[in-house]
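Let me begin by presenting the structure, written as structure tokens, before commenting on it.
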Amino acid sequence: MKQDLYAIYSIWLREMLRFFRLKSRVFGSIAMPFFFLAFMSVGFGGGTSMPGISSGVGYVSFLTPGIIGMTLLFSATFAGLSVLWDREFGFLKEIMVAPVSRIAIVLGRTAGGLTTGILQAVIILASGILMGMAVPSLSGFLLSLVFMVLIAATFIGLGLAFASKMKDMSGFSLIMNFLIFPLFFLSGALYPLDRFPDTVRYLAYLNPLTYGVDGLRYSLIGTNAISPIADLAVLAVSCVVMLFLGAYLFENTEVK
Amino acid sequence: MKNILSEVENNGESQSPVVQEEAAISMHDMTKEFGSMVAVNHIDLEIKKGELFGLLGANGAGKSTIIKMLTTMLKPTNGVARVWGHDVVRERNEVRSSIGVVFQDPAIDGMLTGRENLDFHGRMYGMDGPLRRERIDEVLRLVDLSDKADIKMEDYSGGMQRRLEIARGLMHYPHVLFLDEPTLGLDAQTRRYLWQYIHNMNREKGVTIVLTTHYMEEADALCDRVAIIDNGKIVALDTPENLKDMIGSDSVSLEVQSGAEALIQSLQGFSWIKSATAVNGTVELKVDHAQQRIPEIMQEANKCSAVITSVGLHKPTLEDVFLKYTGRKIREAGGSAGPFAMFHRRKR
């Protein structure tokens, strides 16, 4: 047990060292959501309201929680997929041969991904506020942190599940284009869900990120399309399911 | 619950002397198939405690697959193996606690320094701060990297990376250390240095060491016993000396300017001369312990006034043994063996 706690800390610490040592990675991972936030809100006129968005809520306020969801989706999936990098560069063997439970390895990675993901999400939140988003209340901010943790954990589990089944990095762009981007566009991050045609909207309801973005909007700007309790419940279930799936597949992965 | 169960099992084992095994590693009927390819083909093998054991074979012979099954990285398709008394499938954590591994390809994080890599390792093996620092300093000194400890490992040379990996493998005082091609792609000087180091670890610390290699000299210089692996099977298993003895006597070739016939006739009178033949002015002798007989041969040449211009001595090597058992030379057998093998090692 003590050894497993050491292992979780050790893996988390490594993620931190790697993250902060590669300055280009810090900027690189935050740049895309930042540009999305900046150019979309400028293009659509940050302060003005849009059709379908409840009156009095500017587009910047509406968009920022969506972009926070995007930041978490990308950084968390990558954190899960980083097993692939370790496999490619050999370090996975050093981790897998250690006498620690596979669950501890998964938890260490999850802790690392959560930390870096939420850090980036908070930076995006601050950027949104600087661009004119209404400042959330403290309780709203704290509630949004809960949603951030659940979103990040869900997609770390997803990334881990894929990484455990993939032999190398060749499938990476497939995952990028056919999984991550559709999840992003189908989450209502950029515009309200009722702008979607019915069939597409039903697809969006299958997407955990939809509930995450809605929950973030509820906690940060006070508007929501789904009940926040439902958001919380769906996300909590998807988070547990995805983490178990990721851990199960990772447990059975072989290292060639 | 799982942990409690395995602890109970452990206690049971340590209390009953019956289960105490003499072998560090035992394999029975071990097989690994990848699809239709049989990488390891029904292997039986026992490695004793304290032994420095070598698996010798060409690339693709199945050595690394054996190591990966013994280190719990791959599940065997068939058969059972125990490492330090623990089953490699059912008691993976116990096996992992007993072993240290240096894999064929580097398994380091190049973005971390040497010390950080060791620190990571120490925590993964449950060492607390003071113990970790003590062991890190100790193993860094052993491999002579103390002054390079705080450099990022991507800036290390291949030899330095290898030394640090070996240091790391020893940091938690394993019972059995696995070294998969420990000197692949290293220069001759670093290789000799590592040999010395591996030898000392085995003799002074009593660590059981299993290494794989496709360098004949390496197996010969280091190992107590060698198993020659070919196509996933053990084709020969013995001490390097015994293996070479199976090949037969040493050969001595003498280039003789004149008097070859007389020399051969007089040499044939000695019991220690196995055969003596002349081919184009070169006399070929088969002799046991040839280096001790050469002075006598010279004396005999003087007696019968034969003029010798040069002497050559060839002792059987493991290369000859390998050739005998596999029908080809090891350099021909392997895909990427030889001078290009170093490019196989990836740098982060």
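In the structure tokens, the first chain shown is A, the next is B, and so on; residue numbers restart at 1 for each chain, and ligands run from 1 in the order shown.
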Up to 8 Å from chain B, what residues of chain A turn up? Count only C-alpha atoms and give them as a list of chain:residue names.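 The complete set of qualifying residues is A:Lys2, A:Gln3, A:Asp4, A:Tyr6, A:Ala7, A:Ser10, A:Ile11, A:Arg14, A:Leu17, A:Arg18, A:Arg21, A:Phe89, A:Gly90, A:Phe91, A:Leu92, A:Lys93, A:Glu94, A:Ile95, A:Met96, A:Val97, A:Ala98, A:Pro99, A:Val100, A:Ser101, A:Glu254, A:Val255, A:Lys256.
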Nearby residues (only C-alpha atoms) at most 8 Å from segment 31-38 of chain A, same-chain spacing under 5 positions excluded, as a PyMOL selection string: chain A and resi 60+63-64+67-68+70-71+124+127-128+131
Convert the current residue selection to file output with N, CA and C atoms, as a compact mmCIF listing (two decimals), in the first residue's frame.
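Below is the file that was written, selection33.txt:
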# COMPACT_ATOMS: atom_id res chain seq x y z
N VAL A 60 -18.53 35.93 -25.25
CA VAL A 60 -17.30 35.55 -24.53
C VAL A 60 -17.63 34.73 -23.29
N LEU A 63 -18.77 31.39 -24.47
CA LEU A 63 -17.74 30.58 -25.13
C LEU A 63 -16.69 30.06 -24.14
N THR A 64 -16.31 30.87 -23.16
CA THR A 64 -15.19 30.49 -22.28
C THR A 64 -15.39 29.12 -21.62
N ILE A 67 -14.61 26.53 -24.18
CA ILE A 67 -13.18 26.39 -24.49
C ILE A 67 -12.44 25.73 -23.33
N ILE A 68 -12.91 25.97 -22.10
CA ILE A 68 -12.32 25.24 -20.96
C ILE A 68 -12.56 23.74 -21.15
N MET A 70 -12.93 22.24 -23.97
CA MET A 70 -12.03 21.81 -25.05
C MET A 70 -10.62 21.58 -24.53
N THR A 71 -10.12 22.54 -23.73
CA THR A 71 -8.78 22.42 -23.16
C THR A 71 -8.65 21.11 -22.38
N ILE A 124 -7.08 29.38 -19.14
CA ILE A 124 -8.07 29.78 -20.14
C ILE A 124 -9.19 30.59 -19.50
N SER A 127 -7.95 33.97 -19.02
CA SER A 127 -7.92 34.68 -20.30
C SER A 127 -9.30 35.15 -20.69
N GLY A 128 -10.32 34.28 -20.48
CA GLY A 128 -11.69 34.65 -20.80
C GLY A 128 -12.14 35.88 -20.02
N MET A 131 -10.78 38.91 -21.40
CA MET A 131 -11.42 39.29 -22.66
C MET A 131 -12.84 39.78 -22.46
Need the shell around segment 197-201 of chain B: protein/DNA/RNA residues with any atom at most 9 Å away, counting only C-alpha atoms. Skip same-chain ones fewer than 2 positions apart. Format as a PyMOL selection string? chain B and resi 52+142-143+166+170+192-195+203-209+222-223
Could you give me, as a ChimeraX atom specification, the residues within 9 Å of Val213 of chain A, counting only C-alpha atoms and dropping anything in the same chain fewer than 6 positions from it? /A:65-70,147,151,187-189,231
Next, write the just-selected residues to a file, as a JSON list (two decimals), in the first residue's frame, keeping C-alpha atoms as the atom set.
[["chain", "number", "residue", "atom", "x", "y", "z"],
["A", 65, "PRO", "CA", -16.69, 27.45, -20.46],
["A", 66, "GLY", "CA", -16.84, 25.69, -23.83],
["A", 67, "ILE", "CA", -13.18, 26.39, -24.49],
["A", 68, "ILE", "CA", -12.32, 25.24, -20.96],
["A", 69, "GLY", "CA", -14.08, 21.99, -21.87],
["A", 70, "MET", "CA", -12.03, 21.81, -25.05],
["A", 147, "PHE", "CA", -16.70, 19.57, -13.24],
["A", 151, "ILE", "CA", -14.22, 15.91, -17.43],
["A", 187, "SER", "CA", -20.37, 19.16, -27.18],
["A", 188, "GLY", "CA", -22.08, 22.50, -27.62],
["A", 189, "ALA", "CA", -18.83, 24.22, -26.73],
["A", 231, "ASP", "CA", -24.73, 16.95, -15.63]]
A:Thr77, A:Ser61, A:Ser82, A:Ser54 ranked by distance to Asp168 of chain A, top pick (using only C-alpha atoms): A:Ser82
Can you work out the spacing between atom CA of Ile118 of chain A and atom CA of Tyr191 of chain A in Å, to one decimal?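 Distance between the two atoms: 22.7 Å.
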Atom CA of His172 of chain B to atom CA of Gly114 of chain B: how many Å, to one decimal?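 According to the coordinates, atom CA of His172 of chain B and atom CA of Gly114 of chain B are separated by 16.0 Å.
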Selection near Gly140 of chain A, 9 Å with only C-alpha atoms, sequence-local residues under 4 positions removed, as a list of chain:residue names: A:Pro136, A:Ser144, A:Leu145, A:Leu216, A:Tyr218, A:Ser219, A:Leu220, A:Ile221, A:Gly222
For the residues in that selection, give me N, CA and C atoms as a PDB file, in the first residue's frame.
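Printed below is selection_11.pdb as written:
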ATOM      1  N   PRO A 136     -16.874  34.940 -12.381  1.00  0.00           N
ATOM      2  CA  PRO A 136     -17.744  34.022 -11.654  1.00  0.00           C
ATOM      3  C   PRO A 136     -17.617  34.219 -10.143  1.00  0.00           C
ATOM      4  N   SER A 144     -17.102  24.691 -10.525  1.00  0.00           N
ATOM      5  CA  SER A 144     -16.543  24.426 -11.857  1.00  0.00           C
ATOM      6  C   SER A 144     -15.319  23.524 -11.752  1.00  0.00           C
ATOM      7  N   LEU A 145     -14.552  23.634 -10.643  1.00  0.00           N
ATOM      8  CA  LEU A 145     -13.386  22.758 -10.463  1.00  0.00           C
ATOM      9  C   LEU A 145     -13.820  21.289 -10.385  1.00  0.00           C
ATOM     10  N   LEU A 216     -20.151  23.364 -16.625  1.00  0.00           N
ATOM     11  CA  LEU A 216     -19.236  24.494 -16.474  1.00  0.00           C
ATOM     12  C   LEU A 216     -19.987  25.820 -16.679  1.00  0.00           C
ATOM     13  N   TYR A 218     -23.135  26.317 -16.161  1.00  0.00           N
ATOM     14  CA  TYR A 218     -24.003  26.544 -15.002  1.00  0.00           C
ATOM     15  C   TYR A 218     -23.192  27.146 -13.851  1.00  0.00           C
ATOM     16  N   SER A 219     -21.999  26.575 -13.582  1.00  0.00           N
ATOM     17  CA  SER A 219     -21.254  27.052 -12.425  1.00  0.00           C
ATOM     18  C   SER A 219     -20.587  28.399 -12.679  1.00  0.00           C
ATOM     19  N   LEU A 220     -20.155  28.682 -13.911  1.00  0.00           N
ATOM     20  CA  LEU A 220     -19.391  29.906 -14.154  1.00  0.00           C
ATOM     21  C   LEU A 220     -20.259  31.100 -14.564  1.00  0.00           C
ATOM     22  N   ILE A 221     -21.304  30.849 -15.390  1.00  0.00           N
ATOM     23  CA  ILE A 221     -22.094  31.998 -15.847  1.00  0.00           C
ATOM     24  C   ILE A 221     -23.580  31.860 -15.547  1.00  0.00           C
ATOM     25  N   GLY A 222     -23.961  30.760 -14.922  1.00  0.00           N
ATOM     26  CA  GLY A 222     -25.337  30.637 -14.451  1.00  0.00           C
ATOM     27  C   GLY A 222     -26.371  30.298 -15.501  1.00  0.00           C
TER      28      GLY A 222
END
Would you list the contacts of Gly80 of chain A as a PDB file with N, CA and C atoms, in the first residue's frame, taking every protein, DNA or RNA residue within 10 Å and counting only C-alpha atoms, but skipping same-chain residues closer than 4 positions in sequence?
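Saved result, around-v6.pdb, follows:
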ATOM      1  N   SER A  75      -6.151  18.051 -23.384  1.00  0.00           N
ATOM      2  CA  SER A  75      -5.021  17.748 -22.503  1.00  0.00           C
ATOM      3  C   SER A  75      -5.224  16.407 -21.809  1.00  0.00           C
ATOM      4  N   ALA A  76      -6.472  16.083 -21.450  1.00  0.00           N
ATOM      5  CA  ALA A  76      -6.711  14.818 -20.746  1.00  0.00           C
ATOM      6  C   ALA A  76      -6.532  13.624 -21.672  1.00  0.00           C
ATOM      7  N   LEU A  84       1.471   5.924 -24.995  1.00  0.00           N
ATOM      8  CA  LEU A  84       2.031   5.577 -26.304  1.00  0.00           C
ATOM      9  C   LEU A  84       3.448   6.104 -26.473  1.00  0.00           C
ATOM     10  N   VAL A 106      -2.111   3.647 -13.099  1.00  0.00           N
ATOM     11  CA  VAL A 106      -3.202   4.394 -13.725  1.00  0.00           C
ATOM     12  C   VAL A 106      -3.542   5.641 -12.895  1.00  0.00           C
ATOM     13  N   ARG A 109      -0.880   8.395 -13.335  1.00  0.00           N
ATOM     14  CA  ARG A 109      -1.066   9.083 -14.610  1.00  0.00           C
ATOM     15  C   ARG A 109      -2.277  10.006 -14.571  1.00  0.00           C
ATOM     16  N   THR A 110      -3.352   9.495 -13.965  1.00  0.00           N
ATOM     17  CA  THR A 110      -4.563  10.309 -13.881  1.00  0.00           C
ATOM     18  C   THR A 110      -4.293  11.566 -13.066  1.00  0.00           C
ATOM     19  N   GLY A 112      -1.464  13.085 -12.674  1.00  0.00           N
ATOM     20  CA  GLY A 112      -0.645  13.979 -13.479  1.00  0.00           C
ATOM     21  C   GLY A 112      -1.476  14.712 -14.520  1.00  0.00           C
ATOM     22  N   GLY A 113      -2.323  13.965 -15.229  1.00  0.00           N
ATOM     23  CA  GLY A 113      -3.158  14.559 -16.274  1.00  0.00           C
ATOM     24  C   GLY A 113      -4.151  15.568 -15.704  1.00  0.00           C
ATOM     25  N   ALA A 152     -11.825  15.859 -16.978  1.00  0.00           N
ATOM     26  CA  ALA A 152     -10.451  15.416 -17.233  1.00  0.00           C
ATOM     27  C   ALA A 152     -10.320  13.919 -16.972  1.00  0.00           C
ATOM     28  N   ALA A 153     -10.867  13.443 -15.853  1.00  0.00           N
ATOM     29  CA  ALA A 153     -10.720  12.018 -15.515  1.00  0.00           C
ATOM     30  C   ALA A 153     -11.379  11.137 -16.577  1.00  0.00           C
ATOM     31  N   THR A 154     -12.539  11.562 -17.074  1.00  0.00           N
ATOM     32  CA  THR A 154     -13.235  10.794 -18.116  1.00  0.00           C
ATOM     33  C   THR A 154     -12.334  10.594 -19.335  1.00  0.00           C
ATOM     34  N   PHE A 155     -11.732  11.704 -19.792  1.00  0.00           N
ATOM     35  CA  PHE A 155     -10.989  11.596 -21.041  1.00  0.00           C
ATOM     36  C   PHE A 155      -9.579  11.054 -20.857  1.00  0.00           C
ATOM     37  N   ILE A 156      -9.035  11.148 -19.637  1.00  0.00           N
ATOM     38  CA  ILE A 156      -7.780  10.429 -19.363  1.00  0.00           C
ATOM     39  C   ILE A 156      -8.043   8.929 -19.503  1.00  0.00           C
ATOM     40  N   GLY A 157      -9.179   8.494 -18.937  1.00  0.00           N
ATOM     41  CA  GLY A 157      -9.544   7.077 -19.049  1.00  0.00           C
ATOM     42  C   GLY A 157      -9.698   6.655 -20.500  1.00  0.00           C
ATOM     43  N   LEU A 158     -10.333   7.521 -21.302  1.00  0.00           N
ATOM     44  CA  LEU A 158     -10.516   7.225 -22.721  1.00  0.00           C
ATOM     45  C   LEU A 158      -9.171   7.104 -23.440  1.00  0.00           C
ATOM     46  N   GLY A 159      -8.290   8.077 -23.188  1.00  0.00           N
ATOM     47  CA  GLY A 159      -6.964   8.057 -23.818  1.00  0.00           C
ATOM     48  C   GLY A 159      -6.190   6.807 -23.435  1.00  0.00           C
ATOM     49  N   LEU A 160      -6.281   6.460 -22.155  1.00  0.00           N
ATOM     50  CA  LEU A 160      -5.583   5.286 -21.639  1.00  0.00           C
ATOM     51  C   LEU A 160      -6.092   4.005 -22.299  1.00  0.00           C
ATOM     52  N   ALA A 161      -7.419   3.949 -22.473  1.00  0.00           N
ATOM     53  CA  ALA A 161      -8.013   2.765 -23.100  1.00  0.00           C
ATOM     54  C   ALA A 161      -7.479   2.617 -24.516  1.00  0.00           C
ATOM     55  N   PHE A 162      -7.448   3.712 -25.269  1.00  0.00           N
ATOM     56  CA  PHE A 162      -6.930   3.640 -26.634  1.00  0.00           C
ATOM     57  C   PHE A 162      -5.451   3.295 -26.652  1.00  0.00           C
ATOM     58  N   ALA A 163      -4.686   3.944 -25.770  1.00  0.00           N
ATOM     59  CA  ALA A 163      -3.242   3.721 -25.756  1.00  0.00           C
ATOM     60  C   ALA A 163      -2.915   2.271 -25.418  1.00  0.00           C
ATOM     61  N   SER A 164      -3.737   1.647 -24.578  1.00  0.00           N
ATOM     62  CA  SER A 164      -3.453   0.262 -24.194  1.00  0.00           C
ATOM     63  C   SER A 164      -3.690  -0.701 -25.341  1.00  0.00           C
ATOM     64  N   GLY A 246     -10.169   2.128 -18.883  1.00  0.00           N
ATOM     65  CA  GLY A 246      -8.760   2.426 -19.146  1.00  0.00           C
ATOM     66  C   GLY A 246      -7.856   1.561 -18.288  1.00  0.00           C
TER      67      GLY A 246
END
DSSP on the backbone, then: every residue of segment 22-198 of chain A marked helix (DSSP H, G or I), written as a PyMOL selection string. chain A and resi 23-43+59-89+91-96+102-130+138-165+169-185+193-195+198
